[in-house]
Amino acid sequence: MQSYIDLSYQPGKSDVVCLFRVEPAVNVSLEKAVDAIAGESSIGTWTDISTMSEEIRDRLRPRAFSVDSSSGLVKIAYPLELFEPGNIPQLLSSVAGNIFGMKHVENLRLEDITLPEKYVKSFPGPLFGVGGIRRMLEIPLRPIVGTIVKPKVGLSPTAWRDAAREALAGGCDFVKDDENLTSQDFCPFDERAKLALGMIHSLEGSTARRFGYGCNISGSVETMVKRAEYIKRNGGRYMMIDVVTVGFAGLQYMRNLNTGLAIHAHRAMHAAITRNKKHGISMIVLAKLCRLAGVDQLHIGTAVGKMEGPAEEVAQIKDEMLDTSGKWRGLKTVFPVCSGGLHQGLIPDLMKLMGNDIIIQAGGGVYGHPDSPKAGAASMRQAVDAVMEGKSIEEYAKSHAELRRALEKFSA
Ligand code: CAP
Ligand code: MG
């Protein structure tokens, strides 16, 4: 069989370029593994076939144009014609499909993907982006401060609403359901959404502030559609989707409906795919696909909190979500969400690493405050305000009791 390796090939503007990390199986050469990967992800199979023509091969064959035997890093360029515009499942079934299960590889990881501008343009991208979300919440510069009502599940709709009200009244801008709260018997979706959105409207009236509520609509597509309509009818601004468990088809469906709601994307289960550094798909790839599909806010990690994710990787994803260069063809930016084990004492390091264009979320950091969730929310804002004013949080805590109490507990 003719090899797909062509080290003289220079990728063109209309190629999809995938960066793979390849660890061949024992007794398989890297070249053989690369050929198997390139073929199975495009036009090939395990043997020569009589139905293959020179014409198909010439037009559609991928080329492995960079093969580094020491790192196992391999770049493969695929002609754009192989991919259906606007179809993320099809892209994944090609370059992130069968290949992970082939006997030729011991481990295989899709590290990165570069997409041609024409392909990028076939997607809607985010409806709001960072600028739109900032205008919607009327917060022009500082990080947006959010919380996840805790406990994750178990509260009744009224208890959930009251817990959310405390956080918003205390200083949070955004409140959301946890990833595993949708519509269990103890907290039905419609009841919770109606109560929470009603509370938000009255709080907006009395405070002249704006708030967001990420209602978790995750479920079957017909369920998500009904829930999005319900949020609209009740004057909500957001729908939250667990994008990995729901899948890209469901996400694309909800975005392409153009509901007018912003999409908050939680990434629960991503680590089953992204965490193994030798095998799977990197978070940067999933994040790029989320931007194409059109989420407005995406969990990307914190580097400093409870979830795994090295600082450089989290910063790289952040930069990609905020990138406004031509390669994104005018698709709006995505607001990076830093969440997971965050508390007031970590805010300076987090903001130093990530800047101001982030959404900072703390569940335990708000609901675990020694005095009250209201004090927890107030102290999160105080920590952010301190950094915005160029002051140390320790200094700021001297004149802000809520922050002082939070630091006593969390930074001890
Ligand atoms: C945060 C969180 C998020 C994690 C997920 C939680 O709560 O709600 O789901 O952030 O990780 O349940 O852990 P805490 P990631 O603030 O109480 O930790 O954002 O990295 O996907
Ligand atoms: Mg959660």
# chains A, B, ... in the order shown; residues from 1 in each chain; ligands from 1
call {"tool": "residues_near_ligand", "arguments": {"ligand": "ligand 2", "cutoff": "7 Å", "atoms": "only C-alpha atoms and all ligand atoms", "output": "VMD selection string"}}
result
chain A and resid 148 152 178 to 179
call {"tool": "write_last_selection", "arguments": {"atoms": "N, CA, C and O atoms", "output": "PDB file, in the first residue's frame"}}
result
ATOM      1  N   ILE A 148     -21.938  28.409  42.307  1.00  0.00           N
ATOM      2  CA  ILE A 148     -22.708  27.207  42.018  1.00  0.00           C
ATOM      3  C   ILE A 148     -23.422  26.906  43.323  1.00  0.00           C
ATOM      4  O   ILE A 148     -22.768  26.681  44.344  1.00  0.00           O
ATOM      5  N   LYS A 152     -24.646  20.328  45.756  1.00  0.00           N
ATOM      6  CA  LYS A 152     -24.835  20.102  44.322  1.00  0.00           C
ATOM      7  C   LYS A 152     -26.269  19.727  44.007  1.00  0.00           C
ATOM      8  O   LYS A 152     -26.861  20.246  43.063  1.00  0.00           O
ATOM      9  N   ASP A 178     -25.742  23.076  39.530  1.00  0.00           N
ATOM     10  CA  ASP A 178     -24.579  22.204  39.405  1.00  0.00           C
ATOM     11  C   ASP A 178     -24.806  21.262  38.235  1.00  0.00           C
ATOM     12  O   ASP A 178     -25.923  21.117  37.741  1.00  0.00           O
ATOM     13  N   GLU A 179     -23.727  20.620  37.791  1.00  0.00           N
ATOM     14  CA  GLU A 179     -23.817  19.819  36.554  1.00  0.00           C
ATOM     15  C   GLU A 179     -24.776  18.643  36.666  1.00  0.00           C
ATOM     16  O   GLU A 179     -25.326  18.186  35.666  1.00  0.00           O
TER      17      GLU A 179
END
call {"tool": "residues_near_ligand", "arguments": {"ligand": "ligand 1", "cutoff": "7 Å", "atoms": "only C-alpha atoms and all ligand atoms", "output": "number ranges by chain"}}
result
A: 148, 152, 178-179, 266-268, 299-302, 306-307, 337-342, 361-365
call {"tool": "write_last_selection", "arguments": {"atoms": "C-alpha atoms", "output": "mmCIF file, in the first residue's frame"}}
result
data_model
loop_
_atom_site.group_PDB
_atom_site.id
_atom_site.type_symbol
_atom_site.label_atom_id
_atom_site.label_comp_id
_atom_site.auth_asym_id
_atom_site.auth_seq_id
_atom_site.Cartn_x
_atom_site.Cartn_y
_atom_site.Cartn_z
ATOM 1 C CA ILE A 148 -22.708 27.207 42.018
ATOM 2 C CA LYS A 152 -24.835 20.102 44.322
ATOM 3 C CA ASP A 178 -24.579 22.204 39.405
ATOM 4 C CA GLU A 179 -23.817 19.819 36.554
ATOM 5 C CA HIS A 266 -20.101 22.907 31.795
ATOM 6 C CA ARG A 267 -17.565 20.248 30.766
ATOM 7 C CA ALA A 268 -18.411 17.400 33.183
ATOM 8 C CA HIS A 299 -15.257 25.857 31.963
ATOM 9 C CA ILE A 300 -11.536 25.688 31.219
ATOM 10 C CA GLY A 301 -9.954 24.963 34.608
ATOM 11 C CA THR A 302 -8.222 27.141 37.157
ATOM 12 C CA LYS A 306 -9.199 21.504 42.998
ATOM 13 C CA MET A 307 -9.270 20.161 39.454
ATOM 14 C CA VAL A 337 -14.887 30.086 33.246
ATOM 15 C CA CYS A 338 -12.525 29.243 36.093
ATOM 16 C CA SER A 339 -14.235 27.000 38.593
ATOM 17 C CA GLY A 340 -13.427 24.184 40.958
ATOM 18 C CA GLY A 341 -12.029 24.566 44.450
ATOM 19 C CA LEU A 342 -11.654 28.333 44.187
ATOM 20 C CA GLN A 361 -16.937 30.723 40.106
ATOM 21 C CA ALA A 362 -16.834 29.464 43.645
ATOM 22 C CA GLY A 363 -19.338 27.061 45.170
ATOM 23 C CA GLY A 364 -17.550 25.914 48.315
ATOM 24 C CA GLY A 365 -15.851 29.314 48.588
#
call {"tool": "atom_distance", "arguments": {"atom1": "CA of Gly247 (chain A)", "atom2": "CA of Val34 (chain A)"}}
result
28.0 Å
call {"tool": "atom_distance", "arguments": {"atom1": "CA of Leu141 (chain A)", "atom2": "CA of Asn356 (chain A)"}}
result
6.9 Å
call {"tool": "residues_around", "arguments": {"residues": "Met380 (chain A)", "least_positions_apart": "4", "cutoff": "7 Å", "atoms": "only C-alpha atoms", "output": "PyMOL selection string"}}
result
chain A and resi 344+376+384
call {"tool": "write_last_selection", "arguments": {"atoms": "N, CA, C and O atoms", "output": "compact mmCIF listing (two decimals), in the first residue's frame"}}
result
# COMPACT_ATOMS: atom_id res chain seq x y z
N GLN A 344 -11.37 32.71 48.15
CA GLN A 344 -10.92 34.10 48.16
C GLN A 344 -9.39 34.21 48.13
O GLN A 344 -8.82 35.07 47.44
N GLY A 376 -19.88 35.03 52.07
CA GLY A 376 -19.01 34.33 51.12
C GLY A 376 -18.96 35.06 49.79
O GLY A 376 -17.89 35.28 49.21
N VAL A 384 -11.70 40.16 44.49
CA VAL A 384 -11.56 40.64 43.10
C VAL A 384 -11.31 42.15 43.09
O VAL A 384 -10.42 42.64 42.38
call {"tool": "select_by_dssp", "arguments": {"residues": "region 146-392 of chain A", "states": "helix (DSSP H, G or I)", "output": "ChimeraX atom specification"}}
result
/A:157-170,189-207,221-233,243-246,248-256,270-274,283-293,311-322,326-328,344-354,364-367,373-388
call {"tool": "select_by_dssp", "arguments": {"residues": "region 334-370 of chain A", "states": "strand (DSSP E)", "output": "JSON, numbers by chain"}}
result
{"A": [335, 336, 337, 338, 339, 359, 360, 361]}
call {"tool": "closest_residue", "arguments": {"among": "A:Ala386, A:Val295, A:Cys172, A:Leu203", "to": "Phe123 (chain A)", "atoms": "only C-alpha atoms"}}
result
A:Val295
call {"tool": "residues_around", "arguments": {"residues": "Met1 (chain A)", "least_positions_apart": "6", "cutoff": "10 Å", "atoms": "only C-alpha atoms", "output": "PyMOL selection string"}}
result
chain A and resi 35+44+46-49
call {"tool": "atom_distance", "arguments": {"atom1": "CA of Arg209 (chain A)", "atom2": "CA of Pro157 (chain A)"}}
result
23.2 Å
call {"tool": "closest_residue", "arguments": {"among": "A:Ser94, A:Gln2, A:Gly330, A:Gly345", "to": "Val304 (chain A)", "atoms": "only C-alpha atoms"}}
result
A:Gly345
call {"tool": "residues_around", "arguments": {"residues": "region 231-240 of chain A", "least_positions_apart": "5", "cutoff": "7 Å", "atoms": "only C-alpha atoms", "output": "ChimeraX atom specification"}}
result
/A:194,197,212-217,261-265
call {"tool": "write_last_selection", "arguments": {"atoms": "C-alpha atoms", "output": "PDB file, in the first residue's frame"}}
result
ATOM      1  CA  LYS A 194     -39.564  29.987  37.806  1.00  0.00           C
ATOM      2  CA  LEU A 197     -35.869  33.852  37.756  1.00  0.00           C
ATOM      3  CA  GLY A 212     -27.373  35.768  35.230  1.00  0.00           C
ATOM      4  CA  TYR A 213     -28.778  32.332  36.085  1.00  0.00           C
ATOM      5  CA  GLY A 214     -27.377  29.304  34.252  1.00  0.00           C
ATOM      6  CA  CYS A 215     -30.335  26.878  34.395  1.00  0.00           C
ATOM      7  CA  ASN A 216     -29.094  23.389  33.568  1.00  0.00           C
ATOM      8  CA  ILE A 217     -31.257  22.203  30.686  1.00  0.00           C
ATOM      9  CA  LEU A 261     -30.249  32.661  25.352  1.00  0.00           C
ATOM     10  CA  ALA A 262     -26.549  32.674  26.186  1.00  0.00           C
ATOM     11  CA  ILE A 263     -24.997  29.214  26.589  1.00  0.00           C
ATOM     12  CA  HIS A 264     -23.051  28.405  29.742  1.00  0.00           C
ATOM     13  CA  ALA A 265     -21.052  25.246  28.969  1.00  0.00           C
TER      14      ALA A 265
END
call {"tool": "residues_around", "arguments": {"residues": "Val26 (chain A)", "least_positions_apart": "4", "cutoff": "12 Å", "atoms": "only C-alpha atoms", "output": "mmCIF file with N, CA, C and O atoms, in the first residue's frame"}}
result
data_model
loop_
_atom_site.group_PDB
_atom_site.id
_atom_site.type_symbol
_atom_site.label_atom_id
_atom_site.label_comp_id
_atom_site.auth_asym_id
_atom_site.auth_seq_id
_atom_site.Cartn_x
_atom_site.Cartn_y
_atom_site.Cartn_z
ATOM 1 N N LEU A 30 6.762 3.344 14.045
ATOM 2 C CA LEU A 30 5.998 4.604 14.076
ATOM 3 C C LEU A 30 5.395 4.872 12.695
ATOM 4 O O LEU A 30 4.239 5.280 12.580
ATOM 5 N N LYS A 32 4.458 2.787 10.409
ATOM 6 C CA LYS A 32 3.308 1.916 10.139
ATOM 7 C C LYS A 32 2.079 2.426 10.912
ATOM 8 O O LYS A 32 0.953 2.455 10.386
ATOM 9 N N ALA A 33 2.304 2.834 12.162
ATOM 10 C CA ALA A 33 1.188 3.351 12.964
ATOM 11 C C ALA A 33 0.625 4.625 12.338
ATOM 12 O O ALA A 33 -0.596 4.803 12.251
ATOM 13 N N LYS A 103 -5.297 -1.529 16.874
ATOM 14 C CA LYS A 103 -4.236 -2.337 17.505
ATOM 15 C C LYS A 103 -2.841 -1.796 17.188
ATOM 16 O O LYS A 103 -1.879 -2.126 17.860
ATOM 17 N N HIS A 104 -2.732 -1.007 16.136
ATOM 18 C CA HIS A 104 -1.423 -0.452 15.781
ATOM 19 C C HIS A 104 -0.881 0.499 16.851
ATOM 20 O O HIS A 104 0.307 0.786 16.866
ATOM 21 N N VAL A 105 -1.768 1.056 17.667
ATOM 22 C CA VAL A 105 -1.291 2.034 18.647
ATOM 23 C C VAL A 105 -1.481 1.536 20.074
ATOM 24 O O VAL A 105 -2.498 0.929 20.420
ATOM 25 N N GLU A 106 -0.457 1.829 20.876
ATOM 26 C CA GLU A 106 -0.560 1.560 22.313
ATOM 27 C C GLU A 106 -1.333 2.722 22.947
ATOM 28 O O GLU A 106 -2.206 2.533 23.771
ATOM 29 N N ASN A 107 -0.959 3.934 22.521
ATOM 30 C CA ASN A 107 -1.616 5.160 22.967
ATOM 31 C C ASN A 107 -1.677 6.134 21.804
ATOM 32 O O ASN A 107 -0.779 6.148 20.946
#
call {"tool": "closest_residue", "arguments": {"among": "A:Leu346, A:Met283, A:Leu110, A:Ile56", "to": "Pro310 (chain A)", "atoms": "only C-alpha atoms"}}
result
A:Met283
call {"tool": "closest_residue", "arguments": {"among": "A:Val22, A:Met224, A:Val17, A:Val314", "to": "Ala287 (chain A)", "atoms": "only C-alpha atoms"}}
result
A:Val314
call {"tool": "residues_around", "arguments": {"residues": "region 394-411 of chain A", "least_positions_apart": "6", "cutoff": "6 Å", "atoms": "only C-alpha atoms", "output": "mmCIF file with N, CA and C atoms, in the first residue's frame"}}
result
data_model
loop_
_atom_site.group_PDB
_atom_site.id
_atom_site.type_symbol
_atom_site.label_atom_id
_atom_site.label_comp_id
_atom_site.auth_asym_id
_atom_site.auth_seq_id
_atom_site.Cartn_x
_atom_site.Cartn_y
_atom_site.Cartn_z
ATOM 1 N N GLY A 345 -8.712 33.329 48.856
ATOM 2 C CA GLY A 345 -7.251 33.402 48.947
ATOM 3 C C GLY A 345 -6.541 33.091 47.632
ATOM 4 N N HIS A 369 -18.349 29.706 53.493
ATOM 5 C CA HIS A 369 -17.861 30.826 54.321
ATOM 6 C C HIS A 369 -18.320 30.622 55.764
ATOM 7 N N ALA A 375 -21.958 36.480 53.085
ATOM 8 C CA ALA A 375 -20.600 36.938 53.398
ATOM 9 C C ALA A 375 -19.588 36.279 52.452
ATOM 10 N N SER A 379 -17.213 38.468 50.119
ATOM 11 C CA SER A 379 -15.752 38.357 50.231
ATOM 12 C C SER A 379 -15.101 37.950 48.912
#
call {"tool": "closest_residue", "arguments": {"among": "A:Ala315, A:Lys327, A:Gly280, A:Ala249", "to": "Pro89 (chain A)", "atoms": "only C-alpha atoms"}}
result
A:Ala249
